[in-house]
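Working notes, structure below.
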Amino acid sequence: MRVYDAFILLFFSGLMRCSKSCRLRWTNYLRPGIKRGNFTDHEEKMIIHLQALRGNRWAAIASYLPQRTDNDIKNYWNTHLKKKLKKIQTGSDDDNDKGNSCSQIKGQWERRLQTDMHTAKQALCEALSLDKPTHISLRPN
């Protein structure tokens with residue numbers, strides 16, 4: 001079924017959605033190939049890395065996770081990941097009874113995250129440099 005046919009069916013079935021509402025519903029929910037449900041650990045790590053590199057450019061981040069929509073990634077970041085990272089960053093400041101174990105976990109997490117971010121930046125730089133020619137000679141032979 002084509003998208004146009006879906007719009008006609010909606011119109012004649014009595015649902016009065018505007019074109020923007022229909023387009024967003026198709027993009028975020030009805031499009032085939034969209035992965036719904038829980039995010040995997042790999043996807044979480046990718047979102048954390050890409051958010052650190054790209055900021056809140058959810059469409060750009062979604063291009064690295066083709067089965068997820070930018071809206072889904074943004075919502076997951078705002079409801080789960082941002083709070084998790086904030087809790088890890090301020091966790092040892094709030095809890096004095098846990099002592100050094102919490103700060104060790106925090107230190108391990110930060111080192112791991114920094115290492116992963118460095119690896120992601122390197123991979124991104126290498127991927128971008130593959131698209132560019134390595135050497136262009138302007139002098140005629």
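Within each chain, counting starts at residue 1; across the structure tokens, chains are named A, B, ... in the order shown, with ligands numbered 1 upward in that order.
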Counting only C-alpha atoms, what is within 6 Å of range 70-84 of chain A, bar same-chain residues fewer than 2 positions away, as a PyMOL selection string?
chain A and resi 58-59+62+86-87
Near range 34-43 of chain A, counting only C-alpha atoms, which residues have an atom at most 8 Å away, once you skip same-chain residues fewer than 6 positions from it, shown as a list in words?
Asn28, Leu65, Gln67, Arg68 and Thr69 of chain A
What would the file look like if the residues just selected were written as a PDB file, in the first residue's frame with N, CA, C and O atoms?
ATOM      1  N   ASN A  28       7.315   7.654  12.540  1.00  0.00           N
ATOM      2  CA  ASN A  28       7.669   7.181  13.873  1.00  0.00           C
ATOM      3  C   ASN A  28       7.050   5.845  14.273  1.00  0.00           C
ATOM      4  O   ASN A  28       7.548   5.202  15.197  1.00  0.00           O
ATOM      5  N   LEU A  65      21.844   4.626  13.750  1.00  0.00           N
ATOM      6  CA  LEU A  65      20.996   3.518  14.203  1.00  0.00           C
ATOM      7  C   LEU A  65      19.779   3.464  13.285  1.00  0.00           C
ATOM      8  O   LEU A  65      18.707   3.967  13.626  1.00  0.00           O
ATOM      9  N   GLN A  67      17.437   1.525  12.376  1.00  0.00           N
ATOM     10  CA  GLN A  67      16.139   0.942  12.715  1.00  0.00           C
ATOM     11  C   GLN A  67      15.406   1.732  13.789  1.00  0.00           C
ATOM     12  O   GLN A  67      14.274   1.411  14.124  1.00  0.00           O
ATOM     13  N   ARG A  68      16.037   2.756  14.337  1.00  0.00           N
ATOM     14  CA  ARG A  68      15.434   3.581  15.378  1.00  0.00           C
ATOM     15  C   ARG A  68      15.127   4.963  14.826  1.00  0.00           C
ATOM     16  O   ARG A  68      15.860   5.491  13.998  1.00  0.00           O
ATOM     17  N   THR A  69      14.051   5.568  15.310  1.00  0.00           N
ATOM     18  CA  THR A  69      13.700   6.912  14.861  1.00  0.00           C
ATOM     19  C   THR A  69      14.365   7.942  15.758  1.00  0.00           C
ATOM     20  O   THR A  69      14.712   7.650  16.911  1.00  0.00           O
TER      21      THR A  69
END
Residue set, range 56-100 of chain A restricted to helix (DSSP H, G or I), as a PyMOL selection string
chain A and resi 58-62+70-94+100
Include N, CA, C and O atoms and write out the residues we just selected as a CSV table (one decimal), in the first residue's frame.
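As written to disk, result20.csv reads:
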chain,number,residue,atom,x,y,z
A,58,TRP,N,19.4,14.8,17.1
A,58,TRP,CA,18.8,13.4,17.1
A,58,TRP,C,18.7,12.8,15.8
A,58,TRP,O,18.9,11.6,15.6
A,59,ALA,N,18.4,13.6,14.7
A,59,ALA,CA,18.3,13.0,13.4
A,59,ALA,C,19.7,12.5,12.9
A,59,ALA,O,19.8,11.4,12.3
A,60,ALA,N,20.8,13.2,13.3
A,60,ALA,CA,22.1,12.8,12.9
A,60,ALA,C,22.5,11.5,13.7
A,60,ALA,O,23.1,10.6,13.1
A,61,ILE,N,22.1,11.5,14.9
A,61,ILE,CA,22.4,10.3,15.7
A,61,ILE,C,21.6,9.1,15.2
A,61,ILE,O,22.1,8.0,15.1
A,62,ALA,N,20.3,9.3,14.8
A,62,ALA,CA,19.5,8.2,14.3
A,62,ALA,C,20.0,7.7,13.0
A,62,ALA,O,19.7,6.5,12.7
A,70,ASP,N,14.5,9.1,15.2
A,70,ASP,CA,15.1,10.2,16.0
A,70,ASP,C,14.3,10.5,17.2
A,70,ASP,O,14.8,10.8,18.3
A,71,ASN,N,13.0,10.5,17.1
A,71,ASN,CA,12.1,10.7,18.2
A,71,ASN,C,12.2,9.7,19.3
A,71,ASN,O,12.3,10.0,20.5
A,72,ASP,N,12.4,8.4,18.9
A,72,ASP,CA,12.5,7.3,19.9
A,72,ASP,C,13.9,7.5,20.6
A,72,ASP,O,13.9,7.3,21.9
A,73,ILE,N,14.9,7.8,19.9
A,73,ILE,CA,16.2,8.0,20.5
A,73,ILE,C,16.2,9.2,21.5
A,73,ILE,O,16.7,9.1,22.6
A,74,LYS,N,15.6,10.3,21.1
A,74,LYS,CA,15.5,11.5,21.9
A,74,LYS,C,14.7,11.2,23.2
A,74,LYS,O,15.2,11.6,24.3
A,75,ASN,N,13.6,10.5,23.1
A,75,ASN,CA,12.8,10.2,24.3
A,75,ASN,C,13.6,9.2,25.2
A,75,ASN,O,13.6,9.4,26.4
A,76,TYR,N,14.3,8.3,24.6
A,76,TYR,CA,15.1,7.3,25.4
A,76,TYR,C,16.2,8.1,26.2
A,76,TYR,O,16.5,7.8,27.3
A,77,TRP,N,16.9,9.0,25.5
A,77,TRP,CA,17.9,9.8,26.1
A,77,TRP,C,17.4,10.6,27.3
A,77,TRP,O,17.9,10.6,28.3
A,78,ASN,N,16.3,11.3,27.0
A,78,ASN,CA,15.7,12.2,28.1
A,78,ASN,C,15.1,11.5,29.2
A,78,ASN,O,15.1,12.0,30.4
A,79,THR,N,14.6,10.3,29.0
A,79,THR,CA,13.9,9.5,30.1
A,79,THR,C,14.8,8.6,30.8
A,79,THR,O,14.6,8.3,32.0
A,80,HIS,N,15.9,8.0,30.2
A,80,HIS,CA,16.7,7.0,30.8
A,80,HIS,C,18.2,7.4,30.9
A,80,HIS,O,18.8,7.4,32.0
A,81,LEU,N,18.8,7.6,29.8
A,81,LEU,CA,20.3,7.7,29.7
A,81,LEU,C,20.8,9.0,30.4
A,81,LEU,O,21.8,9.0,31.1
A,82,LYS,N,20.1,10.1,30.2
A,82,LYS,CA,20.6,11.4,30.8
A,82,LYS,C,20.5,11.3,32.3
A,82,LYS,O,21.5,11.7,33.0
A,83,LYS,N,19.5,10.7,32.8
A,83,LYS,CA,19.3,10.5,34.3
A,83,LYS,C,20.3,9.6,34.8
A,83,LYS,O,20.9,9.8,35.9
A,84,LYS,N,20.6,8.5,34.1
A,84,LYS,CA,21.6,7.5,34.5
A,84,LYS,C,23.0,8.1,34.6
A,84,LYS,O,23.7,7.9,35.6
A,85,LEU,N,23.4,8.9,33.6
A,85,LEU,CA,24.7,9.5,33.6
A,85,LEU,C,24.8,10.6,34.7
A,85,LEU,O,25.8,10.7,35.3
A,86,LYS,N,23.7,11.3,34.9
A,86,LYS,CA,23.7,12.3,35.9
A,86,LYS,C,23.8,11.7,37.3
A,86,LYS,O,24.5,12.2,38.2
A,87,LYS,N,23.1,10.6,37.5
A,87,LYS,CA,23.2,9.9,38.8
A,87,LYS,C,24.6,9.3,39.0
A,87,LYS,O,25.1,9.4,40.1
A,88,ILE,N,25.3,8.8,38.0
A,88,ILE,CA,26.6,8.3,38.1
A,88,ILE,C,27.6,9.5,38.4
A,88,ILE,O,28.5,9.3,39.3
A,89,GLN,N,27.4,10.6,37.8
A,89,GLN,CA,28.3,11.7,38.0
A,89,GLN,C,28.2,12.3,39.4
A,89,GLN,O,29.1,12.7,40.0
A,90,THR,N,26.9,12.4,39.9
A,90,THR,CA,26.7,13.0,41.2
A,90,THR,C,26.5,12.0,42.3
A,90,THR,O,26.2,12.3,43.5
A,91,GLY,N,26.6,10.7,42.0
A,91,GLY,CA,26.3,9.6,43.0
A,91,GLY,C,27.2,9.6,44.2
A,91,GLY,O,26.7,9.5,45.3
A,92,SER,N,28.5,9.9,44.1
A,92,SER,CA,29.4,9.8,45.2
A,92,SER,C,29.3,11.1,46.1
A,92,SER,O,29.6,11.1,47.2
A,93,ASP,N,28.8,12.2,45.5
A,93,ASP,CA,28.7,13.4,46.2
A,93,ASP,C,27.5,13.3,47.2
A,93,ASP,O,27.5,13.9,48.3
A,94,ASP,N,26.4,12.6,46.9
A,94,ASP,CA,25.3,12.5,47.7
A,94,ASP,C,25.4,11.4,48.8
A,94,ASP,O,24.8,11.6,49.9
A,100,ASN,N,34.6,4.8,49.5
A,100,ASN,CA,35.4,4.8,48.3
A,100,ASN,C,34.8,3.9,47.2
A,100,ASN,O,35.2,4.1,46.0
Write out as JSON lines the residues of range 47-66 of chain A that have any atom within 8 Å of an atom of range 115-127 of chain A, one row each with the nearest atom pair and its distance in Å to one decimal, counting only C-alpha atoms, sorted by chain and then rising number.
{"residue": "A:His49", "atom": "CA", "partner": "A:Met117", "partner_atom": "CA", "distance": 5.5}
{"residue": "A:Leu50", "atom": "CA", "partner": "A:Ala120", "partner_atom": "CA", "distance": 7.9}
{"residue": "A:Ala52", "atom": "CA", "partner": "A:Met117", "partner_atom": "CA", "distance": 7.5}
{"residue": "A:Leu53", "atom": "CA", "partner": "A:Lys121", "partner_atom": "CA", "distance": 7.3}
Writer output for current selection, N, CA, C and O atoms, as a PDB file, in the first residue's frame:
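Once written, part_6.pdb looks like this:
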ATOM      1  N   HIS A  49      27.853   7.814  23.053  1.00  0.00           N
ATOM      2  CA  HIS A  49      29.003   8.301  22.288  1.00  0.00           C
ATOM      3  C   HIS A  49      28.593   9.382  21.310  1.00  0.00           C
ATOM      4  O   HIS A  49      29.218  10.441  21.242  1.00  0.00           O
ATOM      5  N   LEU A  50      27.556   9.106  20.555  1.00  0.00           N
ATOM      6  CA  LEU A  50      27.152  10.045  19.510  1.00  0.00           C
ATOM      7  C   LEU A  50      26.600  11.337  20.095  1.00  0.00           C
ATOM      8  O   LEU A  50      26.803  12.406  19.529  1.00  0.00           O
ATOM      9  N   ALA A  52      27.645  12.644  22.854  1.00  0.00           N
ATOM     10  CA  ALA A  52      28.830  13.387  23.282  1.00  0.00           C
ATOM     11  C   ALA A  52      29.511  14.057  22.082  1.00  0.00           C
ATOM     12  O   ALA A  52      30.034  15.160  22.206  1.00  0.00           O
ATOM     13  N   LEU A  53      29.485  13.385  20.942  1.00  0.00           N
ATOM     14  CA  LEU A  53      30.130  13.937  19.740  1.00  0.00           C
ATOM     15  C   LEU A  53      29.260  14.962  19.026  1.00  0.00           C
ATOM     16  O   LEU A  53      29.743  16.014  18.609  1.00  0.00           O
TER      17      LEU A  53
END
